[in-house]
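Structure below is coords.pdb: PDB, N, CA and C atoms.
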```
MODEL        1
ATOM      1  N   MET A   1       3.775 -46.981  13.293
ATOM      2  CA  MET A   1       3.217 -45.808  12.698
ATOM      3  C   MET A   1       4.224 -45.190  11.742
ATOM      4  N   SER A   2       3.705 -44.717  10.687
ATOM      5  CA  SER A   2       4.574 -44.037   9.730
ATOM      6  C   SER A   2       4.527 -42.537   9.987
ATOM      7  N   GLN A   3       5.645 -41.908   9.772
ATOM      8  CA  GLN A   3       5.710 -40.472   9.972
ATOM      9  C   GLN A   3       5.534 -39.771   8.635
ATOM     10  N   LEU A   4       4.717 -38.743   8.654
ATOM     11  CA  LEU A   4       4.497 -37.951   7.452
ATOM     12  C   LEU A   4       5.480 -36.787   7.451
ATOM     13  N   SER A   5       6.125 -36.627   6.338
ATOM     14  CA  SER A   5       7.003 -35.464   6.236
ATOM     15  C   SER A   5       6.258 -34.386   5.461
ATOM     16  N   THR A   6       6.081 -33.282   6.116
ATOM     17  CA  THR A   6       5.391 -32.170   5.472
ATOM     18  C   THR A   6       6.424 -31.142   5.034
ATOM     19  N   ILE A   7       6.282 -30.726   3.813
ATOM     20  CA  ILE A   7       7.188 -29.738   3.244
ATOM     21  C   ILE A   7       6.435 -28.410   3.202
ATOM     22  N   PRO A   8       6.971 -27.375   3.835
ATOM     23  CA  PRO A   8       6.269 -26.082   3.805
ATOM     24  C   PRO A   8       6.281 -25.476   2.412
ATOM     25  N   LYS A   9       5.216 -24.739   2.116
ATOM     26  CA  LYS A   9       5.113 -24.068   0.816
ATOM     27  C   LYS A   9       5.564 -22.620   0.956
ATOM     28  N   PRO A  10       6.264 -22.114  -0.033
ATOM     29  CA  PRO A  10       6.762 -20.734   0.070
ATOM     30  C   PRO A  10       5.671 -19.662   0.062
ATOM     31  N   ARG A  11       4.598 -19.808  -0.684
ATOM     32  CA  ARG A  11       3.474 -18.863  -0.753
ATOM     33  C   ARG A  11       3.862 -17.479  -1.257
ATOM     34  N   ARG A  12       4.879 -17.379  -2.091
ATOM     35  CA  ARG A  12       5.285 -16.076  -2.626
ATOM     36  C   ARG A  12       4.318 -15.580  -3.676
ATOM     37  N   ASN A  13       3.656 -16.470  -4.400
ATOM     38  CA  ASN A  13       2.676 -16.030  -5.407
ATOM     39  C   ASN A  13       1.433 -15.446  -4.745
ATOM     40  N   VAL A  14       1.067 -15.983  -3.582
ATOM     41  CA  VAL A  14      -0.052 -15.418  -2.830
ATOM     42  C   VAL A  14       0.311 -14.006  -2.385
ATOM     43  N   GLU A  15       1.558 -13.832  -1.943
ATOM     44  CA  GLU A  15       2.007 -12.508  -1.535
ATOM     45  C   GLU A  15       1.971 -11.527  -2.705
ATOM     46  N   LEU A  16       2.374 -11.964  -3.878
ATOM     47  CA  LEU A  16       2.355 -11.092  -5.052
ATOM     48  C   LEU A  16       0.928 -10.670  -5.395
ATOM     49  N   LEU A  17      -0.013 -11.591  -5.327
ATOM     50  CA  LEU A  17      -1.415 -11.268  -5.599
ATOM     51  C   LEU A  17      -1.952 -10.275  -4.565
ATOM     52  N   LEU A  18      -1.656 -10.509  -3.293
ATOM     53  CA  LEU A  18      -2.094  -9.585  -2.248
ATOM     54  C   LEU A  18      -1.399  -8.229  -2.370
ATOM     55  N   LEU A  19      -0.153  -8.252  -2.846
ATOM     56  CA  LEU A  19       0.586  -7.011  -3.033
ATOM     57  C   LEU A  19      -0.025  -6.163  -4.140
ATOM     58  N   ILE A  20      -0.469  -6.795  -5.203
ATOM     59  CA  ILE A  20      -1.151  -6.067  -6.283
ATOM     60  C   ILE A  20      -2.464  -5.473  -5.768
ATOM     61  N   LEU A  21      -3.183  -6.226  -4.951
ATOM     62  CA  LEU A  21      -4.415  -5.709  -4.353
ATOM     63  C   LEU A  21      -4.112  -4.528  -3.424
ATOM     64  N   ALA A  22      -3.062  -4.640  -2.623
ATOM     65  CA  ALA A  22      -2.693  -3.559  -1.707
ATOM     66  C   ALA A  22      -2.260  -2.309  -2.465
ATOM     67  N   LEU A  23      -1.521  -2.493  -3.545
ATOM     68  CA  LEU A  23      -1.117  -1.342  -4.357
ATOM     69  C   LEU A  23      -2.323  -0.669  -4.989
ATOM     70  N   SER A  24      -3.283  -1.449  -5.431
ATOM     71  CA  SER A  24      -4.476  -0.850  -6.030
ATOM     72  C   SER A  24      -5.287  -0.088  -4.985
ATOM     73  N   VAL A  25      -5.306  -0.560  -3.743
ATOM     74  CA  VAL A  25      -6.015   0.163  -2.682
ATOM     75  C   VAL A  25      -5.307   1.478  -2.380
ATOM     76  N   GLY A  26      -3.999   1.441  -2.201
ATOM     77  CA  GLY A  26      -3.249   2.656  -1.872
ATOM     78  C   GLY A  26      -3.244   3.671  -2.990
ATOM     79  N   ILE A  27      -2.998   3.217  -4.209
ATOM     80  CA  ILE A  27      -2.972   4.125  -5.357
ATOM     81  C   ILE A  27      -4.378   4.632  -5.669
ATOM     82  N   GLY A  28      -5.380   3.790  -5.493
ATOM     83  CA  GLY A  28      -6.761   4.224  -5.702
ATOM     84  C   GLY A  28      -7.184   5.278  -4.698
ATOM     85  N   ALA A  29      -6.749   5.135  -3.449
ATOM     86  CA  ALA A  29      -7.072   6.153  -2.440
ATOM     87  C   ALA A  29      -6.407   7.474  -2.788
ATOM     88  N   SER A  30      -5.176   7.409  -3.248
ATOM     89  CA  SER A  30      -4.478   8.634  -3.656
ATOM     90  C   SER A  30      -5.163   9.274  -4.868
ATOM     91  N   MET A  31      -5.624   8.454  -5.774
ATOM     92  CA  MET A  31      -6.325   8.972  -6.941
ATOM     93  C   MET A  31      -7.640   9.633  -6.541
ATOM     94  N   LEU A  32      -8.372   9.031  -5.605
ATOM     95  CA  LEU A  32      -9.629   9.623  -5.159
ATOM     96  C   LEU A  32      -9.414  10.957  -4.455
ATOM     97  N   VAL A  33      -8.329  11.064  -3.692
ATOM     98  CA  VAL A  33      -8.012  12.346  -3.054
ATOM     99  C   VAL A  33      -7.687  13.384  -4.120
ATOM    100  N   GLY A  34      -6.949  12.984  -5.145
ATOM    101  CA  GLY A  34      -6.628  13.907  -6.223
ATOM    102  C   GLY A  34      -7.850  14.339  -7.006
ATOM    103  N   VAL A  35      -8.780  13.436  -7.241
ATOM    104  CA  VAL A  35     -10.015  13.782  -7.946
ATOM    105  C   VAL A  35     -10.835  14.757  -7.110
ATOM    106  N   ASP A  36     -10.853  14.544  -5.800
ATOM    107  CA  ASP A  36     -11.597  15.436  -4.923
ATOM    108  C   ASP A  36     -11.004  16.838  -4.910
ATOM    109  N   GLN A  37      -9.686  16.939  -5.056
ATOM    110  CA  GLN A  37      -9.024  18.235  -5.043
ATOM    111  C   GLN A  37      -8.844  18.803  -6.450
ATOM    112  N   ALA A  38      -9.409  18.184  -7.450
ATOM    113  CA  ALA A  38      -9.364  18.612  -8.849
ATOM    114  C   ALA A  38      -7.945  18.626  -9.406
ATOM    115  N   LYS A  39      -7.102  17.730  -8.946
ATOM    116  CA  LYS A  39      -5.763  17.540  -9.523
ATOM    117  C   LYS A  39      -5.441  16.049  -9.494
ATOM    118  N   ALA A  40      -6.195  15.296 -10.259
ATOM    119  CA  ALA A  40      -6.169  13.845 -10.159
ATOM    120  C   ALA A  40      -4.840  13.226 -10.574
ATOM    121  N   PHE A  41      -4.319  13.564 -11.717
ATOM    122  CA  PHE A  41      -3.147  12.866 -12.224
ATOM    123  C   PHE A  41      -1.990  13.842 -12.449
ATOM    124  N   ASP A  42      -1.613  14.566 -11.405
ATOM    125  CA  ASP A  42      -0.480  15.475 -11.527
ATOM    126  C   ASP A  42       0.828  14.706 -11.321
ATOM    127  N   SER A  43       1.933  15.415 -11.380
ATOM    128  CA  SER A  43       3.235  14.744 -11.290
ATOM    129  C   SER A  43       3.468  14.147  -9.910
ATOM    130  N   ASP A  44       2.914  14.753  -8.866
ATOM    131  CA  ASP A  44       3.065  14.180  -7.528
ATOM    132  C   ASP A  44       2.378  12.824  -7.423
ATOM    133  N   PHE A  45       1.215  12.687  -8.035
ATOM    134  CA  PHE A  45       0.510  11.407  -8.013
ATOM    135  C   PHE A  45       1.337  10.313  -8.681
ATOM    136  N   TRP A  46       1.869  10.612  -9.858
ATOM    137  CA  TRP A  46       2.636   9.599 -10.579
ATOM    138  C   TRP A  46       3.920   9.248  -9.845
ATOM    139  N   PHE A  47       4.589  10.254  -9.264
ATOM    140  CA  PHE A  47       5.821   9.987  -8.531
ATOM    141  C   PHE A  47       5.552   9.130  -7.307
ATOM    142  N   GLN A  48       4.530   9.492  -6.530
ATOM    143  CA  GLN A  48       4.199   8.744  -5.327
ATOM    144  C   GLN A  48       3.765   7.315  -5.668
ATOM    145  N   SER A  49       2.940   7.168  -6.680
ATOM    146  CA  SER A  49       2.440   5.844  -7.052
ATOM    147  C   SER A  49       3.560   4.946  -7.562
ATOM    148  N   SER A  50       4.422   5.498  -8.406
ATOM    149  CA  SER A  50       5.511   4.679  -8.934
ATOM    150  C   SER A  50       6.530   4.348  -7.854
ATOM    151  N   LEU A  51       6.796   5.270  -6.940
ATOM    152  CA  LEU A  51       7.728   4.996  -5.852
ATOM    153  C   LEU A  51       7.182   3.916  -4.928
ATOM    154  N   LEU A  52       5.907   3.976  -4.613
ATOM    155  CA  LEU A  52       5.286   2.952  -3.770
ATOM    156  C   LEU A  52       5.312   1.586  -4.452
ATOM    157  N   ALA A  53       5.005   1.552  -5.745
ATOM    158  CA  ALA A  53       4.988   0.290  -6.474
ATOM    159  C   ALA A  53       6.388  -0.303  -6.610
ATOM    160  N   VAL A  54       7.371   0.526  -6.933
ATOM    161  CA  VAL A  54       8.739   0.020  -7.092
ATOM    162  C   VAL A  54       9.283  -0.481  -5.761
ATOM    163  N   ALA A  55       9.053   0.274  -4.690
ATOM    164  CA  ALA A  55       9.537  -0.158  -3.378
ATOM    165  C   ALA A  55       8.884  -1.471  -2.954
ATOM    166  N   ALA A  56       7.582  -1.602  -3.192
ATOM    167  CA  ALA A  56       6.880  -2.827  -2.824
ATOM    168  C   ALA A  56       7.398  -4.017  -3.623
ATOM    169  N   LEU A  57       7.617  -3.834  -4.915
ATOM    170  CA  LEU A  57       8.105  -4.952  -5.737
ATOM    171  C   LEU A  57       9.544  -5.311  -5.418
ATOM    172  N   VAL A  58      10.364  -4.318  -5.058
ATOM    173  CA  VAL A  58      11.742  -4.627  -4.655
ATOM    174  C   VAL A  58      11.739  -5.439  -3.361
ATOM    175  N   PHE A  59      10.935  -5.025  -2.389
ATOM    176  CA  PHE A  59      10.860  -5.783  -1.147
ATOM    177  C   PHE A  59      10.285  -7.177  -1.380
ATOM    178  N   HIS A  60       9.349  -7.297  -2.306
ATOM    179  CA  HIS A  60       8.807  -8.617  -2.631
ATOM    180  C   HIS A  60       9.903  -9.517  -3.212
ATOM    181  N   MET A  61      10.721  -8.976  -4.091
ATOM    182  CA  MET A  61      11.804  -9.789  -4.673
ATOM    183  C   MET A  61      12.833 -10.172  -3.610
ATOM    184  N   VAL A  62      13.119  -9.265  -2.686
ATOM    185  CA  VAL A  62      14.042  -9.593  -1.599
ATOM    186  C   VAL A  62      13.466 -10.717  -0.743
ATOM    187  N   LEU A  63      12.181 -10.632  -0.426
ATOM    188  CA  LEU A  63      11.559 -11.703   0.353
ATOM    189  C   LEU A  63      11.511 -13.009  -0.429
ATOM    190  N   ARG A  64      11.300 -12.925  -1.714
ATOM    191  CA  ARG A  64      11.248 -14.132  -2.543
ATOM    192  C   ARG A  64      12.587 -14.858  -2.526
ATOM    193  N   ILE A  65      13.675 -14.092  -2.491
ATOM    194  CA  ILE A  65      15.011 -14.688  -2.533
ATOM    195  C   ILE A  65      15.502 -15.056  -1.133
ATOM    196  N   ARG A  66      15.356 -14.140  -0.171
ATOM    197  CA  ARG A  66      15.983 -14.311   1.133
ATOM    198  C   ARG A  66      15.102 -15.036   2.153
ATOM    199  N   ALA A  67      13.815 -14.864   2.119
ATOM    200  CA  ALA A  67      12.929 -15.438   3.140
ATOM    201  C   ALA A  67      11.738 -16.103   2.465
ATOM    202  N   LYS A  68      11.975 -17.254   1.890
ATOM    203  CA  LYS A  68      10.924 -17.931   1.113
ATOM    204  C   LYS A  68       9.701 -18.286   1.944
ATOM    205  N   TYR A  69       9.897 -18.603   3.206
ATOM    206  CA  TYR A  69       8.795 -19.112   4.013
ATOM    207  C   TYR A  69       8.235 -18.069   4.979
ATOM    208  N   ALA A  70       8.493 -16.808   4.714
ATOM    209  CA  ALA A  70       7.958 -15.736   5.564
ATOM    210  C   ALA A  70       6.451 -15.607   5.358
ATOM    211  N   ASP A  71       5.806 -14.955   6.288
ATOM    212  CA  ASP A  71       4.364 -14.765   6.221
ATOM    213  C   ASP A  71       4.010 -13.929   4.985
ATOM    214  N   PRO A  72       3.135 -14.415   4.114
ATOM    215  CA  PRO A  72       2.837 -13.689   2.866
ATOM    216  C   PRO A  72       1.865 -12.526   3.032
ATOM    217  N   VAL A  73       1.394 -12.258   4.243
ATOM    218  CA  VAL A  73       0.387 -11.223   4.440
ATOM    219  C   VAL A  73       0.990  -9.915   4.961
ATOM    220  N   ILE A  74       2.156  -9.993   5.606
ATOM    221  CA  ILE A  74       2.708  -8.823   6.287
ATOM    222  C   ILE A  74       3.072  -7.720   5.297
ATOM    223  N   LEU A  75       3.813  -8.019   4.249
ATOM    224  CA  LEU A  75       4.221  -6.994   3.289
ATOM    225  C   LEU A  75       3.020  -6.331   2.596
ATOM    226  N   PRO A  76       2.023  -7.071   2.117
ATOM    227  CA  PRO A  76       0.864  -6.386   1.526
ATOM    228  C   PRO A  76       0.112  -5.501   2.520
ATOM    229  N   LEU A  77       0.028  -5.916   3.785
ATOM    230  CA  LEU A  77      -0.621  -5.065   4.788
ATOM    231  C   LEU A  77       0.150  -3.772   5.002
ATOM    232  N   VAL A  78       1.470  -3.864   5.052
ATOM    233  CA  VAL A  78       2.299  -2.678   5.230
ATOM    234  C   VAL A  78       2.140  -1.738   4.039
ATOM    235  N   VAL A  79       2.125  -2.284   2.831
ATOM    236  CA  VAL A  79       1.985  -1.458   1.631
ATOM    237  C   VAL A  79       0.611  -0.788   1.592
ATOM    238  N   ALA A  80      -0.431  -1.525   1.936
ATOM    239  CA  ALA A  80      -1.780  -0.936   1.925
ATOM    240  C   ALA A  80      -1.903   0.171   2.971
ATOM    241  N   LEU A  81      -1.376  -0.058   4.164
ATOM    242  CA  LEU A  81      -1.447   0.964   5.206
ATOM    243  C   LEU A  81      -0.620   2.188   4.850
ATOM    244  N   ASN A  82       0.549   1.992   4.245
ATOM    245  CA  ASN A  82       1.361   3.128   3.807
ATOM    246  C   ASN A  82       0.651   3.926   2.718
ATOM    247  N   GLY A  83       0.045   3.239   1.756
ATOM    248  CA  GLY A  83      -0.683   3.927   0.693
ATOM    249  C   GLY A  83      -1.863   4.723   1.233
ATOM    250  N   LEU A  84      -2.618   4.127   2.159
ATOM    251  CA  LEU A  84      -3.745   4.846   2.759
ATOM    252  C   LEU A  84      -3.264   6.016   3.617
ATOM    253  N   GLY A  85      -2.151   5.827   4.310
ATOM    254  CA  GLY A  85      -1.598   6.912   5.120
ATOM    255  C   GLY A  85      -1.130   8.080   4.278
ATOM    256  N   LEU A  86      -0.466   7.794   3.161
ATOM    257  CA  LEU A  86      -0.035   8.869   2.268
ATOM    258  C   LEU A  86      -1.222   9.610   1.669
ATOM    259  N   ALA A  87      -2.265   8.866   1.326
ATOM    260  CA  ALA A  87      -3.469   9.511   0.792
ATOM    261  C   ALA A  87      -4.121  10.391   1.853
ATOM    262  N   MET A  88      -4.133   9.932   3.086
ATOM    263  CA  MET A  88      -4.715  10.738   4.163
ATOM    264  C   MET A  88      -3.894  12.001   4.417
ATOM    265  N   ILE A  89      -2.581  11.898   4.342
ATOM    266  CA  ILE A  89      -1.729  13.076   4.512
ATOM    267  C   ILE A  89      -2.003  14.090   3.404
ATOM    268  N   HIS A  90      -2.139  13.616   2.164
ATOM    269  CA  HIS A  90      -2.439  14.533   1.056
ATOM    270  C   HIS A  90      -3.823  15.153   1.205
ATOM    271  N   ARG A  91      -4.752  14.404   1.747
ATOM    272  CA  ARG A  91      -6.100  14.932   1.942
ATOM    273  C   ARG A  91      -6.098  16.013   3.006
ATOM    274  N   LEU A  92      -5.397  15.775   4.114
ATOM    275  CA  LEU A  92      -5.377  16.753   5.195
ATOM    276  C   LEU A  92      -4.491  17.949   4.895
ATOM    277  N   ASP A  93      -3.547  17.790   3.971
ATOM    278  CA  ASP A  93      -2.612  18.857   3.637
ATOM    279  C   ASP A  93      -3.087  19.681   2.439
ATOM    280  N   ALA A  94      -4.351  19.608   2.134
ATOM    281  CA  ALA A  94      -4.891  20.324   0.981
ATOM    282  C   ALA A  94      -4.854  21.821   1.230
ATOM    283  N   PRO A  95      -4.572  22.608   0.187
ATOM    284  CA  PRO A  95      -4.596  24.063   0.381
ATOM    285  C   PRO A  95      -6.015  24.531   0.688
ATOM    286  N   GLY A  96      -6.099  25.490   1.586
ATOM    287  CA  GLY A  96      -7.411  26.001   1.963
ATOM    288  C   GLY A  96      -8.027  25.271   3.133
ATOM    289  N   MET A  97      -7.411  24.191   3.573
ATOM    290  CA  MET A  97      -7.926  23.465   4.724
ATOM    291  C   MET A  97      -7.333  24.076   5.985
ATOM    292  N   THR A  98      -8.168  24.495   6.898
ATOM    293  CA  THR A  98      -7.716  25.030   8.174
ATOM    294  C   THR A  98      -7.954  23.975   9.249
ATOM    295  N   PRO A  99      -7.328  24.103  10.392
ATOM    296  CA  PRO A  99      -7.576  23.123  11.456
ATOM    297  C   PRO A  99      -9.043  23.033  11.854
ATOM    298  N   ALA A 100      -9.795  24.128  11.700
ATOM    299  CA  ALA A 100     -11.208  24.092  12.064
ATOM    300  C   ALA A 100     -12.017  23.256  11.089
ATOM    301  N   THR A 101     -11.613  23.193   9.811
ATOM    302  CA  THR A 101     -12.376  22.421   8.839
ATOM    303  C   THR A 101     -11.983  20.955   8.852
ATOM    304  N   THR A 102     -10.855  20.604   9.447
ATOM    305  CA  THR A 102     -10.442  19.202   9.481
ATOM    306  C   THR A 102     -10.798  18.546  10.795
ATOM    307  N   SER A 103     -11.410  19.262  11.697
ATOM    308  CA  SER A 103     -11.752  18.703  13.003
ATOM    309  C   SER A 103     -12.950  17.767  12.886
ATOM    310  N   CYS A 104     -12.928  16.723  13.682
ATOM    311  CA  CYS A 104     -14.037  15.769  13.707
ATOM    312  C   CYS A 104     -14.999  16.065  14.854
ATOM    313  N   ALA A 105     -14.698  17.078  15.662
ATOM    314  CA  ALA A 105     -15.486  17.348  16.856
ATOM    315  C   ALA A 105     -16.842  17.955  16.527
ATOM    316  N   GLY A 106     -16.945  18.644  15.432
ATOM    317  CA  GLY A 106     -18.216  19.267  15.075
ATOM    318  C   GLY A 106     -18.227  20.742  15.449
ATOM    319  N   PRO A 107     -19.389  21.412  15.329
ATOM    320  CA  PRO A 107     -19.454  22.851  15.600
ATOM    321  C   PRO A 107     -19.369  23.215  17.059
TER
ENDMDL
END
```

What does the file become when written as structure tokens?
Amino acid sequence: MSQLSTIPKPRRNVELLLLILALSVGIGASMLVGVDQAKAFDSDFWFQSSLLAVAALVFHMVLRIRAKYADPVILPLVVALNGLGLAMIHRLDAPGMTPATTSCAGP
């Protein structure tokens, strides 16, 4: 019998594509919260979006260099969850929102 040698693929391009999708989900959620609060593209939005994008791309480059064969799904999932979490914090921290209006329990 002959033995097959399988060479693992790095899959960093798949991670980059998923990372762009995750950034669009997180930044889009932040944009929707801003549109709802009538302050869609203020300086906080641009700062948060650019910081999230730069941090994600820096971590992607570190993974590309240091851990070629790491799972390509973990970093995009972390970025998407962080973006959605930041958008949720901005939504709940809106001025004029009281604990009674943010409750899910009902009347």

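Of the listed residues (A:Leu23, A:Leu77, A:Val14, A:Leu32), A:Leu23 comes nearest to Ser50 of chain A; the distances count only C-alpha atoms.
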
Which residues are close to segment 56-70 of chain A, i.e. within 7 Å by only C-alpha atoms, leaving aside same-chain residues fewer than 3 positions away? Reply as a ChimeraX atom specification. /A:9-10,12,52-53,79

Can you write just those residues out, N, CA and C atoms, as a compact mmCIF listing (two decimals), in the frame of the given file?
```txt
# COMPACT_ATOMS: atom_id res chain seq x y z
N LYS A 9 5.22 -24.74 2.12
CA LYS A 9 5.11 -24.07 0.82
C LYS A 9 5.56 -22.62 0.96
N PRO A 10 6.26 -22.11 -0.03
CA PRO A 10 6.76 -20.73 0.07
C PRO A 10 5.67 -19.66 0.06
N ARG A 12 4.88 -17.38 -2.09
CA ARG A 12 5.28 -16.08 -2.63
C ARG A 12 4.32 -15.58 -3.68
N LEU A 52 5.91 3.98 -4.61
CA LEU A 52 5.29 2.95 -3.77
C LEU A 52 5.31 1.59 -4.45
N ALA A 53 5.00 1.55 -5.74
CA ALA A 53 4.99 0.29 -6.47
C ALA A 53 6.39 -0.30 -6.61
N VAL A 79 2.12 -2.28 2.83
CA VAL A 79 1.98 -1.46 1.63
C VAL A 79 0.61 -0.79 1.59
```

Can you work out the spacing between atom CA of Val35 of chain A and atom CA of Glu15 of chain A in Å, to one decimal? 29.6 Å

Atom N of Gln48 of chain A and atom CA of Val25 of chain A are how many Å apart?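 Value for the atom N of Gln48 of chain A-atom CA of Val25 of chain A distance: 14.6 Å.
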